[in-house]
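Engineer: Sharing a structure here in structure tokens format.
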Amino acid sequence: MSTQTQEKNASEITLDAFREGKPLTYRALNELIHNAHDQGYTTINIKNVFGQRFICAGMEGPCTVNIYGTPGNDLGVFMEGPTINVFGSAEDQAGNTMNAGKIIIHGNAWDVTGLAARGGSIFVKGNGGYRIGIHMKEYKNKRPAIVYGGVVKEFFGEYMAGGALVVLGLEEKEGKWMNNTALPIVKGSLGTGIHGGIILVRGEVNPELLGVGATIQELCTKDMVILKRLIKEFCKYFGVSEELVFKKEFTKIAAGSSRPFAHFYCVNPI
Amino acid sequence: MEVKHKIAPRFKIKIDRELCRHCKRCTVNCSFGALIYNGSQIVADPALCVACQRCAIMCPQDAISILPGEINYAPHPTFNDRQRRIIFEQSSTGGVLLTGMGNDLEYMSIFDDLLLDACQVTNPSIDPLREPVETKTYIGRKPDKISVTEENNRFVLKKETYPHVVLSTPITVGHMSLGSLSYPAMLAILRACKEMEIMAGTGEGGLHPDFYQYGKYINSEVASGRFGVEPKYLKNVAALEIKIGQGAKPGHGGHLPGEKVDKLIAETRMIPVGTDALSPYPHHDIYSIEDLQQLIGALKEASRYKVPVGVKIAAVHNSAPIASGIVRAGADFVTLDGFRGGTGASPRVIRDHAGIPVEMAVASVDQRLREEGIRNQASIFAGGGIRYSADILKIIALGADAVMLGQSVMIAMGCRVCQQCHRGLCPWGIATQEPQLVSRMDADVATQRLVNLFTAWTEEIKEILGAMGIDSIESLVGNRDRLRYIGSNPHIAEILDVKHVGE
């Protein structure tokens with residue numbers, strides 16, 4: 001039972017994640033969101049989001065969800081199709097196991113973003129934490145992508161089996177975009193266990209940061225096509241110039257082999 | 001670096017040359033390359049033989065026997081034949097030994113130290129052929145109490161009940177993925193479960209679109225690799241299960257060798273063809289019990305609270321507090337997979353030496369949950385080398401609600417337990433993706449064999465329940481008093497809370 005609806009035109013609705021001075025439980029909020037989606041609203045605005053988890057979990061089909069505030073863990077977990085704009089920062093596991101759709105975060109997004117992602121894309125304006133893009137996958141035209149504008153921490157792209165991870169090392173200060181002062185922009189165990197997919201880092205990468213099975217390789221034409229497309233989209237969302245982004249060359253990290261651990265095993269029968 | 005070393009073959013392939021008509025059927029059937037035709041006769045390379053028995057069964061003349069290898073080492077209990085071979089192979093290859101199926105070391109079976117009760121005189125037995133004996137089992141959270149109100153001369157439930165799954169018998173098929181199993185094997189399992197109205201696990205292979213129609217009989221697994229996990233996988237099924245561990249390899253991740261990742265598997269799992277499908281050791285969003293609660297919450301949200309969400313763990317030390325934590329984290333069922341559980345690929349050292357028997361795990365988990373007053377909040381599934389209906393009855397009496405079967409299902413479909421599943425060369429077409437081998441598996445025949453097995457065991461369960469004077473399987477759950485311990489270690493009986501025979 002809620003009187004949460006405010007402005008309402010043919011296909012847009014605004015929900016308030018606060019009620020009577022208290023944040024709604026995640027279960028109550030998500031019920032409202034799912035109901036709005038079931039009723040056919042194509043744009044769902046949610047204001048005063050205060051750490052509620054699992055927003056848009058398992059949501060299917062096209063829909064635009066605009067979140068004002070800080071969504072909690074597992075934003076868009078298992079989702080397939082919606083576009084989520086976050087006007088704030090996200091917490092851990094944004095885009096966890098997502099299948100399709102887009103998440104655009106005008107802030108930071110911390111640990112384990114895009115865990116096991118199978119498709120769709122995530123664009124983060126700011127910085128990230130650990131284990132971003134861990135175990136991302138891809139098959140034919142389902143190729144997930146994650147782009148971070150700022151810097152990220154250890155285990156970036158751990159266990160990757162596919163998809164593309166990009167990190168730019170930029171930041172916005174008082175409306176102006178420039179190189180991020182935090183260096184290096186990626187940390188250790190980079191791409192450890194990678195057996196598919198690509199990691200593209202803007203600038204040079206110290207080989208000592210590479211994880212098991214990760215190697216620095218030449219960017220090929222296909223990689224550049226993917227990169228250009230992703231950067232164009234990133235710049236559109238966050239107001240950066242593509243020229244600034246491409247002022248530095250990108251380093252590509254990919255799997256040395258598609259079976260980096262094969263030689264550890266013996267299959268002979270005993 | 002590989003350094004080859006010749007060692008005595010485990011088996012000898014004996015061909016009766018008088019009976020052999022040179023039809024060469026055996027050379028076609030052997031998927032391990034142990035038999036070839038050299039132009040004038042069948043030639044065997046016993047070093048490649050794994051005793052799968054395919055050649056012996058397929059020979060129209062019954063001319064082939066598989067015998068133990070003839071070279072005998074001086075007997076030695078510490079460095080027996082197996083131990084010697086382990087050292088030989090590892091010094092040749094430098095590799096971690098992989099294997100398939102379940103533990104093949106001789107640990108004692110606690111099932112074999114338990115005996116079932118029967119009624120005599122003090123209360124009457126029930127004849128299941130003439131009176132109803134109920135095997136229906138309800139899986140999921142049960143309410144703490146029932147409250148009803150009266151409405152229009154009828155009693156109506158006041159409180160919501162939780163989502164549950166109804167099984168016609170306390171038997172389910174455990175998680176064996178499409179990838180570790182072939183397509184027809186998977187199809188046979190699902191069709192049999194539909195016919196029996198029970199549930200089968202998807203394993204970590206995702207759900208092939210051809211199998212969506214069996215959704216009502218499917219338990220989708222969400223394992224650490226998240227292979228195949230998409231909204232359709234989560235929404236049109238009967239239950240969801242988070243795999244934390246597996247009895248065959250406690251603490252280890254999953255491993256589908258690249259040989260078994262063909263186009264079909266690559267598509268369902270979304271990885272490049274020929275890559276190893278690796279599942280990480282932990283879920284990388286579960287690093288604590290609170291994180292597990294979070295994933296359970298995420299799955300319940302994604303499935304809109306319509307289906308039970310459970311958690312599977314390998315039976316390990318401290319299974320009782322772990323299970324208590326799992327139930328308090330919101331799981332609607334807990335699956336305990338004992339150390340004899342099977343697998344498509346696991347390092348031998350983990351499979352054979354890690355974990356605990358499911359008998360002990362179930363007994364301690366059931367007891368702990370009852371002591372904490374939360375036993376009703378989750379059902380318990382038990383598995384890990386369940387061999388026949390007697391094991392099912394005993395594990396239910398120790399506290400499980402139902403069992404999950406793996407190896408017995410494989411054997412019903414034709415598996416000979418040669419333990420080569422990880423190589424993708426299964427000559428019976430069960431644990432392989434090679435088209436020529438997969439075509440050997442007839443899904444219709446396999447379906448019927450599984451239905452036969454489950455029906456036979458259900459009838460035996462009814463026979464024993466009737467003999468105990470019990471008319472419903474629910475009355476046997478956790479009913480330790482209907483068991484007696486006949487083993488030699490009274491401490492085990494104490495932990496199981498089962499009386500000694502004669503008491």
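By convention in this document, the chains of the structure tokens carry letters A, B, ... by their order, each chain's residues are numbered from 1, and ligands are numbered from 1 in the order they are shown.
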List as a Markdown table every residue of chain B that is in contact with chain A, defined as an atom at most 6 Å from one of its atoms (using only C-alpha atoms), together with the nearest atom pair and the distance in Å rounded to one decimal, sorted by chain and then rising number.
Structural biologist:
| residue | atom | partner | partner_atom | distance |
| --- | --- | --- | --- | --- |
| B:Arg85 | CA | A:Ile270 | CA | 5.8 |
| B:Gly95 | CA | A:Tyr265 | CA | 4.4 |
| B:Val96 | CA | A:Tyr265 | CA | 4.5 |
| B:Leu97 | CA | A:Cys266 | CA | 4.8 |
| B:Leu98 | CA | A:Val267 | CA | 5.3 |
| B:Pro231 | CA | A:Gly58 | CA | 5.6 |
| B:Met270 | CA | A:Tyr139 | CA | 4.7 |
| B:Ile271 | CA | A:Glu138 | CA | 5.7 |
| B:Thr275 | CA | A:Ser258 | CA | 5.5 |
| B:Ala298 | CA | A:Phe54 | CA | 5.8 |
| B:Ala302 | CA | A:Gly58 | CA | 4.2 |
Engineer: At a cut-off of 6 Å, can you tabulate as a tab-separated table every residue of segment 197-240 of chain A near segment 164-184 of chain A together with its closest atom pair and the distance in Å to one decimal, using only C-alpha atoms and ordering rows by chain then number?
Structural biologist:
residue	atom	partner	partner_atom	distance
A:Gly197	CA	A:Ala164	CA	5.8
A:Ile198	CA	A:Ala164	CA	5.0
A:Ile199	CA	A:Leu165	CA	4.7
A:Leu200	CA	A:Val166	CA	4.7
A:Val201	CA	A:Val167	CA	5.2
A:Arg202	CA	A:Leu168	CA	4.9
Engineer: For Ile44 of chain A, work out the shell of residues within 10 Å, counting only C-alpha atoms and skipping chain neighbours fewer than 5 positions away, then give it as a ChimeraX atom specification.
Structural biologist: /A:8,11-15,33-34,36-37,63-67,84
Engineer: Determine, counting only C-alpha atoms, which protein, DNA and RNA residues have an atom within 6 Å of an atom of Cys55 of chain B; residues of the same chain fewer than 3 positions away are not included. Present the result as a list in words.
Structural biologist: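 Close residues of Cys55 of chain B: Cys26, Met58 and Cys59 of chain B.
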Engineer: Produce a file of the selected residues containing N, CA and C atoms, as a PDB file, in the first residue's frame.
Structural biologist:
ATOM      1  N   CYS B  26      35.165 -53.698 -31.588  1.00  0.00           N
ATOM      2  CA  CYS B  26      35.827 -53.238 -30.365  1.00  0.00           C
ATOM      3  C   CYS B  26      36.740 -52.046 -30.649  1.00  0.00           C
ATOM      4  N   MET B  58      30.286 -54.905 -26.024  1.00  0.00           N
ATOM      5  CA  MET B  58      29.866 -54.739 -27.421  1.00  0.00           C
ATOM      6  C   MET B  58      30.347 -55.863 -28.329  1.00  0.00           C
ATOM      7  N   CYS B  59      31.268 -56.683 -27.849  1.00  0.00           N
ATOM      8  CA  CYS B  59      31.774 -57.742 -28.717  1.00  0.00           C
ATOM      9  C   CYS B  59      30.675 -58.768 -28.978  1.00  0.00           C
TER      10      CYS B  59
END
